[in-house]
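To start, the structure under review is shown below, and the notes come after it.
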Amino acid sequence: QVQLVESGGGLVQAGGSLRLSCTASGSIFSGKIMGWYRQAPGKQRELVATITNSGRTNYADSAKGRFTISRDNAKKMVDLQMSSLKPEDTAVYYCTVQYSDSRTYWGQGTQVTVSS
């Protein structure tokens, strides 16, 4: 069973930075696509950024220019560096991994709170 463990959430002031990390365990394979989604109270879960095992990235418009996603295939890790944070970035951030056979797993989520 694949497990995703996230870390790095917390409370930060607007304009600040945070780095989220996620490590996948339980599989010898690195995921085809790894990424981050977020869910704010009362809203649907939404894409933040994804990265393929070849390094191709995809960002939500809200994340472009402020967030950077990266991964280490050998360590089965994916990171999200977030800068210039805004109060509207407040949400629970979820790590996800999708394998080539379409199996998809989610982490338990980490809270990011940006104060104004």
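Simple scheme: letters A, B, ... for chains in structure tokens order, numbers from 1 for residues in each chain, numbers from 1 for ligands in the order shown.
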
Using 10 Å as the limit and counting only C-alpha atoms, can you tabulate each residue of stretch 20-87 of chain A that touches stretch 93-105 of chain A, with its shortest atom-to-atom distance in Å and the two atoms involved, as CSV?
```
residue,atom,partner,partner_atom,distance
A:Leu20,CA,A:Tyr93,CA,8.6
A:Ser21,CA,A:Cys95,CA,8.5
A:Cys22,CA,A:Cys95,CA,6.4
A:Thr23,CA,A:Cys95,CA,8.9
A:Ala24,CA,A:Val97,CA,8.0
A:Ser27,CA,A:Tyr99,CA,9.9
A:Phe29,CA,A:Tyr99,CA,8.2
A:Ser30,CA,A:Tyr99,CA,7.7
A:Gly31,CA,A:Tyr99,CA,4.7
A:Lys32,CA,A:Tyr99,CA,4.9
A:Ile33,CA,A:Gln98,CA,5.2
A:Met34,CA,A:Val97,CA,4.4
A:Gly35,CA,A:Thr96,CA,5.3
A:Trp36,CA,A:Cys95,CA,4.7
A:Tyr37,CA,A:Tyr94,CA,5.1
A:Arg38,CA,A:Tyr93,CA,4.2
A:Gln39,CA,A:Tyr93,CA,6.6
A:Ala40,CA,A:Tyr93,CA,8.8
A:Arg45,CA,A:Tyr94,CA,9.0
A:Glu46,CA,A:Tyr93,CA,9.5
A:Leu47,CA,A:Tyr94,CA,9.6
A:Val48,CA,A:Tyr93,CA,8.7
A:Ala49,CA,A:Cys95,CA,9.9
A:Thr50,CA,A:Thr96,CA,8.8
A:Ile51,CA,A:Val97,CA,9.7
A:Thr52,CA,A:Gln98,CA,9.4
A:Asn53,CA,A:Tyr99,CA,10.0
A:Lys76,CA,A:Val97,CA,9.7
A:Met77,CA,A:Val97,CA,9.9
A:Val78,CA,A:Cys95,CA,8.2
A:Asp79,CA,A:Cys95,CA,9.1
A:Leu80,CA,A:Cys95,CA,9.6
```

For stretch 48-112 of chain A against stretch 6-9 of chain A, with a cut-off of 9 Å and counting only C-alpha atoms, what is the closest atom pair and its distance in Å to one decimal for every residue that makes the cut, ordered by chain and number, as a Markdown table?
```
| residue | atom | partner | partner_atom | distance |
| --- | --- | --- | --- | --- |
| A:Val92 | CA | A:Gly9 | CA | 8.6 |
| A:Tyr93 | CA | A:Gly9 | CA | 8.1 |
| A:Tyr94 | CA | A:Glu6 | CA | 7.8 |
| A:Cys95 | CA | A:Glu6 | CA | 6.8 |
| A:Gly107 | CA | A:Glu6 | CA | 6.6 |
| A:Gln108 | CA | A:Glu6 | CA | 7.4 |
| A:Gly109 | CA | A:Glu6 | CA | 6.7 |
| A:Thr110 | CA | A:Gly9 | CA | 5.4 |
| A:Gln111 | CA | A:Gly9 | CA | 5.3 |
| A:Val112 | CA | A:Gly9 | CA | 5.0 |
```

Surrounding residues of A:Val12 excluding itself and chain neighbours under 4 positions, 8 Å, only C-alpha atoms, as a CSV table (one decimal) with C-alpha atoms, in the first residue's frame:
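File produced: selection.csv:
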```csv
chain,number,residue,atom,x,y,z
A,16,GLY,CA,6.0,35.0,3.2
A,17,SER,CA,7.2,31.7,2.0
A,18,LEU,CA,6.6,28.0,2.9
A,112,VAL,CA,-1.4,26.2,5.2
A,113,THR,CA,-2.7,29.4,6.8
A,114,VAL,CA,-1.7,32.8,5.5
A,115,SER,CA,-2.5,35.8,7.7
```

Do you have the atom CA of A:Ser70-atom CA of A:Asp89 distance handy? 19.0 Å

Which residues, written as a list of chain:residue names, have at least one atom at most 7 Å from A:Phe67, with only C-alpha atoms counted and residues fewer than 2 positions away on the same chain left out? A:Ala63, A:Lys64, A:Gly65, A:Ile69, A:Leu80, A:Gln81, A:Met82, A:Ser83

Can those selected residues be exported to a file as a short mmCIF file (atom, residue, chain, number, x, y, z; two decimals), in the first residue's frame so that it contains N, CA and C atoms?
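The new file part-v3.cif reads:
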```
data_model
loop_
_atom_site.label_atom_id
_atom_site.label_comp_id
_atom_site.auth_asym_id
_atom_site.auth_seq_id
_atom_site.Cartn_x
_atom_site.Cartn_y
_atom_site.Cartn_z
N ALA A 63 -1.04 29.86 -9.15
CA ALA A 63 0.27 29.46 -8.63
C ALA A 63 1.43 29.93 -9.52
N LYS A 64 1.14 30.24 -10.74
CA LYS A 64 2.21 30.60 -11.69
C LYS A 64 2.97 31.82 -11.21
N GLY A 65 4.28 31.72 -11.26
CA GLY A 65 5.13 32.83 -10.87
C GLY A 65 5.40 32.94 -9.38
N ILE A 69 7.22 23.68 -8.24
CA ILE A 69 7.14 22.27 -7.88
C ILE A 69 8.40 21.57 -8.37
N LEU A 80 6.91 21.52 -2.90
CA LEU A 80 6.24 22.71 -3.43
C LEU A 80 6.79 23.91 -2.68
N GLN A 81 7.55 24.73 -3.37
CA GLN A 81 8.06 25.97 -2.79
C GLN A 81 7.06 27.07 -3.09
N MET A 82 6.53 27.68 -2.04
CA MET A 82 5.51 28.71 -2.19
C MET A 82 6.06 30.03 -1.68
N SER A 83 5.98 31.04 -2.53
CA SER A 83 6.46 32.37 -2.18
C SER A 83 5.36 33.39 -2.41
#
```

Between atom CA of A:Thr68 and atom CA of A:Val5, what is the spacing in Å?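 For atom CA of A:Val5 relative to atom CA of A:Thr68, the distance reads 19.1 Å.
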